[in-house]
$ cat work.txt   # compact mmCIF, C-alpha atoms
# COMPACT_ATOMS: atom_id res chain seq x y z
CA MET A 1 -178.39 121.51 -50.41
CA ASN A 2 -180.31 122.82 -47.33
CA THR A 3 -178.06 120.97 -44.91
CA LEU A 4 -175.02 122.62 -46.47
CA LEU A 5 -176.53 126.08 -46.01
CA LEU A 6 -177.47 125.36 -42.40
CA ALA A 7 -174.08 123.89 -41.49
CA CYS A 8 -172.11 125.54 -38.74
CA ALA A 9 -168.79 126.69 -40.13
CA VAL A 10 -166.83 126.13 -36.93
CA CYS A 11 -168.51 123.06 -35.53
CA GLY A 12 -167.08 119.67 -36.39
CA ALA A 13 -169.15 117.73 -33.90
CA GLY A 14 -171.68 116.49 -36.41
CA GLU A 15 -171.85 112.84 -37.33
CA ASP A 16 -170.04 112.01 -40.56
CA PRO A 17 -172.43 109.93 -42.69
CA ALA A 18 -169.46 108.31 -44.40
CA SER A 19 -167.88 106.94 -41.22
CA ALA A 20 -169.94 103.73 -41.10
CA PRO A 21 -169.40 102.86 -44.81
CA LEU A 22 -165.71 103.71 -44.40
CA LEU A 23 -165.38 101.30 -41.47
CA THR A 24 -167.37 98.59 -43.24
CA MET A 25 -165.34 98.84 -46.44
CA THR A 26 -162.07 98.91 -44.48
CA ILE A 27 -163.03 95.66 -42.77
CA ILE A 28 -164.10 94.08 -46.08
CA ILE A 29 -160.98 95.17 -47.94
CA SER A 30 -158.77 93.95 -45.10
CA LEU A 31 -160.37 90.53 -44.70
CA LEU A 32 -161.38 89.67 -48.27
CA PRO A 33 -157.88 88.99 -49.65
CA LEU A 34 -157.00 86.94 -46.58
CA GLY A 35 -160.18 84.91 -46.99
CA MET A 36 -159.68 84.36 -50.70
CA LEU A 37 -156.01 83.41 -50.39
CA GLY A 38 -156.95 81.14 -47.49
CA GLY A 39 -159.52 79.54 -49.80
CA VAL A 40 -156.94 78.99 -52.54
CA ILE A 41 -154.45 77.52 -50.07
CA GLY A 42 -157.19 75.32 -48.61
CA TYR A 43 -158.09 74.12 -52.11
CA ILE A 44 -154.44 73.24 -52.85
CA ALA A 45 -154.21 71.41 -49.51
CA TYR A 46 -157.40 69.50 -50.30
CA LYS A 47 -156.11 68.50 -53.75
CA SER A 48 -152.74 67.46 -52.27
CA LYS A 49 -154.48 65.34 -49.64
CA ARG A 50 -156.52 63.64 -52.33
CA ALA A 51 -153.42 63.04 -54.46
CA VAL A 52 -151.63 61.44 -51.49
CA ALA A 53 -154.66 59.27 -50.69
CA GLU A 54 -154.75 57.96 -54.26
CA PRO A 55 -153.17 54.50 -54.72
CA ALA A 56 -149.47 54.83 -55.56
CA PRO A 57 -148.58 54.07 -59.19
CA VAL A 58 -146.93 50.68 -59.70
CA ALA A 59 -143.13 50.86 -59.75
CA LEU A 60 -141.48 50.07 -63.06
CA ASP A 61 -139.80 46.68 -63.21
CA PRO A 62 -136.31 47.03 -64.76
CA ALA A 63 -136.40 43.35 -65.78
CA LYS A 64 -139.19 44.06 -68.29
CA MET B 65 -127.74 43.12 -54.48
CA PRO B 66 -130.46 43.97 -57.01
CA ALA B 67 -130.65 47.52 -58.34
CA PRO B 68 -133.38 49.58 -56.66
CA LEU B 69 -136.53 49.92 -58.69
CA PRO B 70 -136.81 53.35 -60.37
CA LEU B 71 -139.40 55.58 -58.82
CA PRO B 72 -142.42 56.13 -61.06
CA GLN B 73 -142.63 59.67 -62.34
CA ARG B 74 -145.56 61.80 -61.28
CA THR B 75 -147.68 62.17 -64.39
CA LYS B 76 -150.30 64.57 -63.06
CA PRO B 77 -149.59 67.72 -61.02
CA VAL B 78 -151.63 68.24 -57.86
CA LEU B 79 -152.99 71.47 -59.31
CA PRO B 80 -152.38 72.31 -62.99
CA SER B 81 -150.61 75.63 -63.54
CA ALA B 82 -153.58 76.88 -65.60
CA VAL B 83 -155.92 76.30 -62.66
CA LEU B 84 -153.63 77.93 -60.10
CA GLY B 85 -152.95 80.87 -62.43
CA THR B 86 -156.67 81.39 -63.02
CA LEU B 87 -157.42 81.28 -59.29
CA ILE B 88 -154.71 83.86 -58.49
CA PHE B 89 -155.94 86.03 -61.36
CA VAL B 90 -159.54 85.90 -60.12
CA VAL B 91 -158.46 86.75 -56.55
CA SER B 92 -156.61 89.84 -57.81
CA GLU B 93 -159.54 90.85 -60.02
CA VAL B 94 -162.00 90.54 -57.14
CA MET B 95 -159.78 92.89 -55.13
CA PHE B 96 -159.65 95.32 -58.08
CA PHE B 97 -163.45 95.53 -58.18
CA THR B 98 -163.72 95.62 -54.39
CA GLY B 99 -161.44 98.67 -54.38
CA LEU B 100 -163.61 100.43 -56.95
CA ILE B 101 -166.85 99.54 -55.18
CA SER B 102 -165.35 100.66 -51.87
CA ALA B 103 -164.41 104.06 -53.32
CA HIS B 104 -167.90 104.38 -54.81
CA THR B 105 -169.62 103.46 -51.54
CA ILE B 106 -167.63 105.99 -49.50
CA SER B 107 -168.03 108.76 -52.09
CA LYS B 108 -171.77 108.17 -52.28
CA ALA B 109 -172.08 108.22 -48.48
CA SER B 110 -170.07 111.47 -48.35
CA ALA B 111 -172.22 113.21 -50.96
CA LEU B 112 -174.50 115.93 -49.71
CA PRO B 113 -178.20 115.05 -49.65
CA GLY B 114 -179.80 115.52 -53.05
CA LEU B 115 -176.49 115.52 -54.90
CA TRP B 116 -176.33 111.81 -55.80
CA PRO B 117 -177.29 111.89 -58.63
CA MET B 118 -176.60 115.54 -59.31
CA PRO B 119 -179.62 117.67 -60.15
CA GLY B 120 -180.34 117.43 -63.87
CA GLN B 121 -178.56 114.12 -64.21
CA PRO B 122 -180.49 110.94 -65.08
CA ARG B 123 -181.12 108.16 -62.59
CA LEU B 124 -179.47 104.84 -63.38
CA PRO B 125 -181.99 102.44 -64.98
CA ALA B 126 -182.04 99.88 -62.17
CA GLU B 127 -185.36 98.34 -63.28
CA ALA B 128 -184.36 97.90 -66.93
CA THR B 129 -181.06 96.33 -65.91
CA VAL B 130 -182.90 93.45 -64.22
CA LEU B 131 -183.23 91.85 -67.67
CA ASN B 132 -179.48 92.16 -68.34
CA THR B 133 -178.76 90.69 -64.91
CA ALA B 134 -181.12 87.77 -65.51
CA LEU B 135 -179.49 87.04 -68.89
CA LEU B 136 -176.02 87.04 -67.34
CA LEU B 137 -177.01 84.79 -64.44
CA LEU B 138 -178.76 82.43 -66.85
CA SER B 139 -175.62 82.30 -68.97
CA GLY B 140 -173.66 81.13 -65.91
CA VAL B 141 -176.21 78.36 -65.28
CA VAL B 142 -176.14 77.29 -68.95
CA LEU B 143 -172.34 77.22 -68.88
CA PHE B 144 -172.47 74.93 -65.85
CA VAL B 145 -174.90 72.62 -67.69
CA SER B 146 -172.55 72.62 -70.69
CA TYR B 147 -169.66 71.56 -68.43
CA GLN B 148 -171.72 68.71 -67.00
CA LEU B 149 -172.65 67.53 -70.51
CA TRP B 150 -169.03 67.77 -71.68
CA LYS B 151 -167.88 65.72 -68.71
CA LYS B 152 -170.41 63.04 -69.69
CA LYS B 153 -169.08 63.25 -73.27
CA VAL B 154 -172.45 64.33 -74.67
CA SER B 155 -171.84 65.48 -78.24
CA SER B 156 -174.31 68.38 -78.06
CA ALA B 157 -172.38 70.04 -75.18
CA HIS B 158 -170.86 72.59 -77.53
CA TYR B 159 -174.33 73.84 -78.56
CA VAL B 160 -175.11 74.47 -74.90
CA LEU B 161 -171.79 76.29 -74.52
CA LEU B 162 -172.70 78.40 -77.54
CA ALA B 163 -176.04 79.23 -75.89
CA ALA B 164 -174.19 80.40 -72.77
CA TRP B 165 -171.95 82.54 -74.98
CA GLY B 166 -175.02 84.00 -76.73
CA LEU B 167 -176.63 84.96 -73.43
CA GLY B 168 -173.39 86.63 -72.34
CA ALA B 169 -173.12 88.48 -75.63
CA ALA B 170 -176.74 89.65 -75.23
CA PHE B 171 -175.83 91.04 -71.80
CA VAL B 172 -172.92 93.04 -73.23
CA ALA B 173 -175.09 94.28 -76.13
CA LEU B 174 -177.87 95.43 -73.76
CA GLN B 175 -175.30 97.18 -71.60
CA GLY B 176 -174.15 99.01 -74.72
CA VAL B 177 -177.72 100.11 -75.44
CA GLU B 178 -178.05 101.32 -71.83
CA TRP B 179 -174.80 103.30 -72.06
CA THR B 180 -175.91 104.94 -75.30
CA ALA B 181 -179.17 106.03 -73.66
CA LEU B 182 -177.40 107.38 -70.56
CA LEU B 183 -174.84 109.28 -72.67
CA SER B 184 -177.64 110.87 -74.69
CA GLN B 185 -179.31 111.93 -71.42
CA GLY B 186 -176.16 113.74 -70.33
CA LEU B 187 -174.53 111.23 -67.96
CA THR B 188 -170.90 111.14 -69.05
CA LEU B 189 -167.60 110.19 -67.46
CA ARG B 190 -166.99 113.80 -66.48
CA SER B 191 -170.52 115.04 -65.79
CA SER B 192 -170.62 114.01 -62.12
CA PRO B 193 -168.92 111.69 -59.60
CA MET B 194 -171.80 109.26 -60.10
CA GLY B 195 -171.15 109.22 -63.85
CA SER B 196 -167.42 108.69 -63.32
CA PHE B 197 -167.94 105.79 -60.96
CA PHE B 198 -170.66 104.29 -63.12
CA TYR B 199 -168.59 104.25 -66.32
CA VAL B 200 -165.37 103.16 -64.61
CA ILE B 201 -166.91 100.29 -62.60
CA VAL B 202 -169.45 99.09 -65.15
CA GLY B 203 -166.98 99.73 -67.98
CA ALA B 204 -164.27 97.66 -66.26
CA HIS B 205 -166.82 94.88 -65.83
CA ALA B 206 -167.83 95.16 -69.50
CA ILE B 207 -164.17 94.87 -70.61
CA HIS B 208 -163.83 91.75 -68.47
CA ALA B 209 -167.06 90.39 -69.96
CA VAL B 210 -165.77 90.93 -73.52
CA VAL B 211 -162.42 89.25 -72.76
CA ALA B 212 -164.21 86.36 -71.03
CA LEU B 213 -166.53 86.02 -74.05
CA LEU B 214 -163.47 85.75 -76.31
CA ALA B 215 -162.08 83.04 -74.03
CA LEU B 216 -165.43 81.23 -74.05
CA PHE B 217 -165.55 81.47 -77.84
CA GLY B 218 -162.07 79.93 -78.03
CA ALA B 219 -163.25 77.17 -75.71
CA TRP B 220 -166.31 76.61 -77.90
CA VAL B 221 -164.16 76.26 -81.04
CA GLN B 222 -161.99 73.68 -79.28
CA MET B 223 -165.03 71.80 -77.98
CA ALA B 224 -166.69 71.76 -81.40
CA ARG B 225 -163.45 70.29 -82.83
CA GLY B 226 -163.37 67.71 -80.04
CA LYS B 227 -160.07 69.06 -78.76
CA MET B 228 -161.20 70.66 -75.50
CA SER B 229 -158.86 70.21 -72.54
CA SER B 230 -160.04 70.40 -68.96
CA GLY B 231 -157.49 73.18 -68.25
CA LEU B 232 -158.90 75.37 -71.03
CA PHE B 233 -162.48 74.75 -69.93
CA PHE B 234 -161.60 75.50 -66.32
CA GLY B 235 -159.78 78.72 -67.23
CA ALA B 236 -162.47 80.07 -69.56
CA SER B 237 -165.40 79.04 -67.38
CA THR B 238 -163.84 80.31 -64.14
CA PHE B 239 -163.26 83.69 -65.75
CA TRP B 240 -166.86 83.74 -66.94
CA TYR B 241 -168.20 82.72 -63.52
CA PHE B 242 -166.18 85.58 -62.07
CA VAL B 243 -167.85 88.00 -64.53
CA VAL B 244 -171.28 86.52 -63.71
CA LEU B 245 -170.89 86.57 -59.92
CA MET B 246 -169.26 90.00 -59.80
CA TRP B 247 -172.19 91.59 -61.61
CA PRO B 248 -174.91 91.25 -58.91
CA VAL B 249 -172.56 92.94 -56.43
CA ILE B 250 -171.89 95.80 -58.86
CA TYR B 251 -175.58 96.04 -59.71
CA ALA B 252 -176.62 96.20 -56.06
CA ARG B 253 -173.96 98.75 -55.09
CA VAL B 254 -173.90 101.04 -58.12
CA TYR B 255 -177.47 101.09 -59.41
CA PHE B 256 -179.27 101.61 -56.08
$ encode --input "work.txt" --output "structure tokens"
Amino acid sequence: MNTLLLACAVCGAGEDPASAPLLTMTIIISLLPLGMLGGVIGYIAYKSKRAVAEPAPVALDPAK
Amino acid sequence: MPAPLPLPQRTKPVLPSAVLGTLIFVVSEVMFFTGLISAHTISKASALPGLWPMPGQPRLPAEATVLNTALLLLSGVVLFVSYQLWKKKVSSAHYVLLAAWGLGAAFVALQGVEWTALLSQGLTLRSSPMGSFFYVIVGAHAIHAVVALLALFGAWVQMARGKMSSGLFFGASTFWYFVVLMWPVIYARVYF
């Protein structure tokens, strides 16, 4: 509470203690969805690659 | 000219819809909690010195919650063991899954005890910003934990009947892993 009482009413030059957390959280919130969606897309690509690499199923013979 | 051979139909999708749906759901849920934690972090940093927690308000029981955290993390490990046993077709896998469920249920129960104590000490949803954030973030996590426990219970019933499908196990376990892994982040950001 002391800092509030000592604050200068007209001076805005003080350092905002919330600026660093604000910047950090902005970066996290901006990059996290991109990273997670990239991960999901990467996982789908990996599974597709594996499915393609699997031996192809034998074609059905109409004579049988 | 002989008729072309019919192409074999694809019998297995590259990624089952249940798996893709669960992954998209978890991504959106992670962002939901990240938003809440972000708001909490910025509000806490903006609070005037000595006002977080407000004078006369209780401190959050960070030390006592270590036990809850350990139970939840252990439940995640036990669930993983249960999956490995189920994959190897070990018949006792469903007992291990039940143990994981029990540990998760114990976590939720202990959280309830903690909430009761905090409410009796005067920390409510409207008593202070810290109280609001605490109940909203931890409460949202608790709701997710309860829903995930219901899903795990459904999975256990299916496993005990021998009718478990890999899609169901993946969906239920991924949701539970999300609950387990989200908690340490919430614990570290909200309780300290």
$ closest_atom_pairs --input "work.txt" --of "range 92-120 of chain B" --to "range 24-40 of chain A" --cutoff "9 Å" --atoms "all atoms listed in the file" --output "Markdown table"
| residue | atom | partner | partner_atom | distance |
| --- | --- | --- | --- | --- |
| B:Ser92 | CA | A:Pro33 | CA | 8.3 |
| B:Val94 | CA | A:Pro33 | CA | 8.7 |
| B:Met95 | CA | A:Pro33 | CA | 7.0 |
| B:Thr98 | CA | A:Ile29 | CA | 7.0 |
| B:Gly99 | CA | A:Ile29 | CA | 7.3 |
| B:Ile101 | CA | A:Met25 | CA | 8.9 |
| B:Ser102 | CA | A:Met25 | CA | 5.7 |
| B:Ala103 | CA | A:Met25 | CA | 8.7 |
| B:Thr105 | CA | A:Met25 | CA | 8.1 |
| B:Ile106 | CA | A:Met25 | CA | 8.1 |
$ residues_near_point --input "work.txt" --point "(-171.5, 95.8, -59.1)" --cutoff "9 Å" --atoms "only C-alpha atoms" --output "tab-separated table (two decimals) with C-alpha atoms, in the frame of the given file"
chain	number	residue	atom	x	y	z
B	97	PHE	CA	-163.45	95.53	-58.18
B	101	ILE	CA	-166.85	99.54	-55.18
B	201	ILE	CA	-166.91	100.29	-62.60
B	202	VAL	CA	-169.45	99.09	-65.15
B	205	HIS	CA	-166.82	94.88	-65.83
B	246	MET	CA	-169.26	90.00	-59.80
B	247	TRP	CA	-172.19	91.59	-61.61
B	248	PRO	CA	-174.91	91.25	-58.91
B	249	VAL	CA	-172.56	92.94	-56.43
B	250	ILE	CA	-171.89	95.80	-58.86
B	251	TYR	CA	-175.58	96.04	-59.71
B	252	ALA	CA	-176.62	96.20	-56.06
B	253	ARG	CA	-173.96	98.75	-55.09
B	254	VAL	CA	-173.90	101.04	-58.12
B	255	TYR	CA	-177.47	101.09	-59.41
$ interface_residues --input "work.txt" --of "chain B" --to "chain A" --cutoff "12 Å" --atoms "only C-alpha atoms" --output "PyMOL selection string"
chain B and resi 66-81+83-116+118-119+253
$ write_last_selection --input "work.txt" --atoms "C-alpha atoms" --output "PDB file, keeping the file's coordinate frame"
ATOM      1  CA  PRO B  66    -130.460  43.970 -57.010  1.00  0.00           C
ATOM      2  CA  ALA B  67    -130.650  47.520 -58.340  1.00  0.00           C
ATOM      3  CA  PRO B  68    -133.380  49.580 -56.660  1.00  0.00           C
ATOM      4  CA  LEU B  69    -136.530  49.920 -58.690  1.00  0.00           C
ATOM      5  CA  PRO B  70    -136.810  53.350 -60.370  1.00  0.00           C
ATOM      6  CA  LEU B  71    -139.400  55.580 -58.820  1.00  0.00           C
ATOM      7  CA  PRO B  72    -142.420  56.130 -61.060  1.00  0.00           C
ATOM      8  CA  GLN B  73    -142.630  59.670 -62.340  1.00  0.00           C
ATOM      9  CA  ARG B  74    -145.560  61.800 -61.280  1.00  0.00           C
ATOM     10  CA  THR B  75    -147.680  62.170 -64.390  1.00  0.00           C
ATOM     11  CA  LYS B  76    -150.300  64.570 -63.060  1.00  0.00           C
ATOM     12  CA  PRO B  77    -149.590  67.720 -61.020  1.00  0.00           C
ATOM     13  CA  VAL B  78    -151.630  68.240 -57.860  1.00  0.00           C
ATOM     14  CA  LEU B  79    -152.990  71.470 -59.310  1.00  0.00           C
ATOM     15  CA  PRO B  80    -152.380  72.310 -62.990  1.00  0.00           C
ATOM     16  CA  SER B  81    -150.610  75.630 -63.540  1.00  0.00           C
ATOM     17  CA  VAL B  83    -155.920  76.300 -62.660  1.00  0.00           C
ATOM     18  CA  LEU B  84    -153.630  77.930 -60.100  1.00  0.00           C
ATOM     19  CA  GLY B  85    -152.950  80.870 -62.430  1.00  0.00           C
ATOM     20  CA  THR B  86    -156.670  81.390 -63.020  1.00  0.00           C
ATOM     21  CA  LEU B  87    -157.420  81.280 -59.290  1.00  0.00           C
ATOM     22  CA  ILE B  88    -154.710  83.860 -58.490  1.00  0.00           C
ATOM     23  CA  PHE B  89    -155.940  86.030 -61.360  1.00  0.00           C
ATOM     24  CA  VAL B  90    -159.540  85.900 -60.120  1.00  0.00           C
ATOM     25  CA  VAL B  91    -158.460  86.750 -56.550  1.00  0.00           C
ATOM     26  CA  SER B  92    -156.610  89.840 -57.810  1.00  0.00           C
ATOM     27  CA  GLU B  93    -159.540  90.850 -60.020  1.00  0.00           C
ATOM     28  CA  VAL B  94    -162.000  90.540 -57.140  1.00  0.00           C
ATOM     29  CA  MET B  95    -159.780  92.890 -55.130  1.00  0.00           C
ATOM     30  CA  PHE B  96    -159.650  95.320 -58.080  1.00  0.00           C
ATOM     31  CA  PHE B  97    -163.450  95.530 -58.180  1.00  0.00           C
ATOM     32  CA  THR B  98    -163.720  95.620 -54.390  1.00  0.00           C
ATOM     33  CA  GLY B  99    -161.440  98.670 -54.380  1.00  0.00           C
ATOM     34  CA  LEU B 100    -163.610 100.430 -56.950  1.00  0.00           C
ATOM     35  CA  ILE B 101    -166.850  99.540 -55.180  1.00  0.00           C
ATOM     36  CA  SER B 102    -165.350 100.660 -51.870  1.00  0.00           C
ATOM     37  CA  ALA B 103    -164.410 104.060 -53.320  1.00  0.00           C
ATOM     38  CA  HIS B 104    -167.900 104.380 -54.810  1.00  0.00           C
ATOM     39  CA  THR B 105    -169.620 103.460 -51.540  1.00  0.00           C
ATOM     40  CA  ILE B 106    -167.630 105.990 -49.500  1.00  0.00           C
ATOM     41  CA  SER B 107    -168.030 108.760 -52.090  1.00  0.00           C
ATOM     42  CA  LYS B 108    -171.770 108.170 -52.280  1.00  0.00           C
ATOM     43  CA  ALA B 109    -172.080 108.220 -48.480  1.00  0.00           C
ATOM     44  CA  SER B 110    -170.070 111.470 -48.350  1.00  0.00           C
ATOM     45  CA  ALA B 111    -172.220 113.210 -50.960  1.00  0.00           C
ATOM     46  CA  LEU B 112    -174.500 115.930 -49.710  1.00  0.00           C
ATOM     47  CA  PRO B 113    -178.200 115.050 -49.650  1.00  0.00           C
ATOM     48  CA  GLY B 114    -179.800 115.520 -53.050  1.00  0.00           C
ATOM     49  CA  LEU B 115    -176.490 115.520 -54.900  1.00  0.00           C
ATOM     50  CA  TRP B 116    -176.330 111.810 -55.800  1.00  0.00           C
ATOM     51  CA  MET B 118    -176.600 115.540 -59.310  1.00  0.00           C
ATOM     52  CA  PRO B 119    -179.620 117.670 -60.150  1.00  0.00           C
ATOM     53  CA  ARG B 253    -173.960  98.750 -55.090  1.00  0.00           C
TER      54      ARG B 253
END
$ atom_distance --input "work.txt" --atom1 "CA of Tyr199 in chain B" --atom2 "CA of Phe217 in chain B"
25.7 Å
$ atom_distance --input "work.txt" --atom1 "CA of Phe171 in chain B" --atom2 "CA of Leu135 in chain B"
6.2 Å
$ closest_residue --input "work.txt" --among "B:Val243, B:Leu124, B:Ala170, B:Met228" --to "Leu187 in chain B" --atoms "only C-alpha atoms"
B:Leu124
$ atom_distance --input "work.txt" --atom1 "CA of Val142 in chain B" --atom2 "CA of Glu178 in chain B"
24.3 Å
$ closest_residue --input "work.txt" --among "B:Ser230, B:Ser155, B:Ser192, B:Ser237" --to "Gly140 in chain B" --atoms "all atoms listed in the file"
B:Ser237
$ residues_around --input "work.txt" --residues "Gly168 in chain B" --least-positions-apart "5" --cutoff "8 Å" --atoms "all atoms listed in the file" --output "MDAnalysis selection string"
chainID B and resid 135:136 139 209 213
$ build_atoms --input "work.txt" --residues "range 92-101 of chain B" --atoms "all heavy atoms" --output "mmCIF file, in the frame of the given file"
data_model
loop_
_atom_site.group_PDB
_atom_site.id
_atom_site.type_symbol
_atom_site.label_atom_id
_atom_site.label_comp_id
_atom_site.auth_asym_id
_atom_site.auth_seq_id
_atom_site.Cartn_x
_atom_site.Cartn_y
_atom_site.Cartn_z
ATOM 1 N N SER B 92 -157.072 88.458 -57.617
ATOM 2 C CA SER B 92 -156.610 89.840 -57.810
ATOM 3 C C SER B 92 -157.691 90.697 -58.463
ATOM 4 O O SER B 92 -157.858 91.872 -58.124
ATOM 5 C CB SER B 92 -155.320 89.868 -58.623
ATOM 6 O OG SER B 92 -155.549 89.320 -59.885
ATOM 7 N N GLU B 93 -158.480 90.102 -59.356
ATOM 8 C CA GLU B 93 -159.540 90.850 -60.020
ATOM 9 C C GLU B 93 -160.685 91.198 -59.043
ATOM 10 O O GLU B 93 -161.258 92.282 -59.115
ATOM 11 C CB GLU B 93 -160.116 90.037 -61.185
ATOM 12 C CG GLU B 93 -159.161 89.907 -62.347
ATOM 13 C CD GLU B 93 -158.893 91.237 -63.023
ATOM 14 O OE1 GLU B 93 -159.785 91.753 -63.676
ATOM 15 O OE2 GLU B 93 -157.787 91.772 -62.876
ATOM 16 N N VAL B 94 -160.967 90.262 -58.156
ATOM 17 C CA VAL B 94 -162.000 90.540 -57.140
ATOM 18 C C VAL B 94 -161.571 91.730 -56.293
ATOM 19 O O VAL B 94 -162.374 92.631 -55.989
ATOM 20 C CB VAL B 94 -162.256 89.281 -56.260
ATOM 21 C CG1 VAL B 94 -163.091 89.630 -55.036
ATOM 22 C CG2 VAL B 94 -162.958 88.202 -57.059
ATOM 23 N N MET B 95 -160.267 91.768 -55.946
ATOM 24 C CA MET B 95 -159.780 92.890 -55.130
ATOM 25 C C MET B 95 -159.831 94.206 -55.918
ATOM 26 O O MET B 95 -160.102 95.267 -55.354
ATOM 27 C CB MET B 95 -158.361 92.616 -54.635
ATOM 28 C CG MET B 95 -158.288 91.599 -53.524
ATOM 29 S SD MET B 95 -159.542 91.788 -52.262
ATOM 30 C CE MET B 95 -159.151 93.393 -51.593
ATOM 31 N N PHE B 96 -159.567 94.126 -57.223
ATOM 32 C CA PHE B 96 -159.650 95.320 -58.080
ATOM 33 C C PHE B 96 -161.071 95.904 -58.024
ATOM 34 O O PHE B 96 -161.264 97.101 -57.776
ATOM 35 C CB PHE B 96 -159.265 94.921 -59.515
ATOM 36 C CG PHE B 96 -159.571 95.947 -60.553
ATOM 37 C CD1 PHE B 96 -158.849 97.129 -60.623
ATOM 38 C CD2 PHE B 96 -160.580 95.734 -61.487
ATOM 39 C CE1 PHE B 96 -159.132 98.078 -61.592
ATOM 40 C CE2 PHE B 96 -160.872 96.680 -62.448
ATOM 41 C CZ PHE B 96 -160.144 97.854 -62.507
ATOM 42 N N PHE B 97 -162.072 95.045 -58.197
ATOM 43 C CA PHE B 97 -163.450 95.530 -58.180
ATOM 44 C C PHE B 97 -163.875 95.946 -56.773
ATOM 45 O O PHE B 97 -164.650 96.885 -56.610
ATOM 46 C CB PHE B 97 -164.400 94.462 -58.738
ATOM 47 C CG PHE B 97 -164.443 94.463 -60.243
ATOM 48 C CD1 PHE B 97 -163.736 93.546 -60.979
ATOM 49 C CD2 PHE B 97 -165.174 95.425 -60.930
ATOM 50 C CE1 PHE B 97 -163.750 93.564 -62.363
ATOM 51 C CE2 PHE B 97 -165.195 95.453 -62.316
ATOM 52 C CZ PHE B 97 -164.481 94.523 -63.036
ATOM 53 N N THR B 98 -163.375 95.244 -55.767
ATOM 54 C CA THR B 98 -163.720 95.620 -54.390
ATOM 55 C C THR B 98 -163.198 97.024 -54.089
ATOM 56 O O THR B 98 -163.888 97.815 -53.435
ATOM 57 C CB THR B 98 -163.131 94.602 -53.387
ATOM 58 O OG1 THR B 98 -163.513 93.301 -53.781
ATOM 59 C CG2 THR B 98 -163.638 94.856 -51.983
ATOM 60 N N GLY B 99 -162.002 97.324 -54.568
ATOM 61 C CA GLY B 99 -161.440 98.670 -54.380
ATOM 62 C C GLY B 99 -162.314 99.734 -55.021
ATOM 63 O O GLY B 99 -162.614 100.769 -54.409
ATOM 64 N N LEU B 100 -162.749 99.464 -56.246
ATOM 65 C CA LEU B 100 -163.610 100.430 -56.950
ATOM 66 C C LEU B 100 -164.951 100.600 -56.237
ATOM 67 O O LEU B 100 -165.432 101.731 -56.051
ATOM 68 C CB LEU B 100 -163.848 99.958 -58.395
ATOM 69 C CG LEU B 100 -162.673 100.047 -59.371
ATOM 70 C CD1 LEU B 100 -163.062 99.450 -60.721
ATOM 71 C CD2 LEU B 100 -162.232 101.489 -59.571
ATOM 72 N N ILE B 101 -165.537 99.483 -55.845
ATOM 73 C CA ILE B 101 -166.850 99.540 -55.180
ATOM 74 C C ILE B 101 -166.708 100.246 -53.825
ATOM 75 O O ILE B 101 -167.593 101.012 -53.416
ATOM 76 C CB ILE B 101 -167.442 98.125 -55.030
ATOM 77 C CG1 ILE B 101 -167.833 97.603 -56.421
ATOM 78 C CG2 ILE B 101 -168.654 98.120 -54.111
ATOM 79 C CD1 ILE B 101 -168.180 96.139 -56.456
#
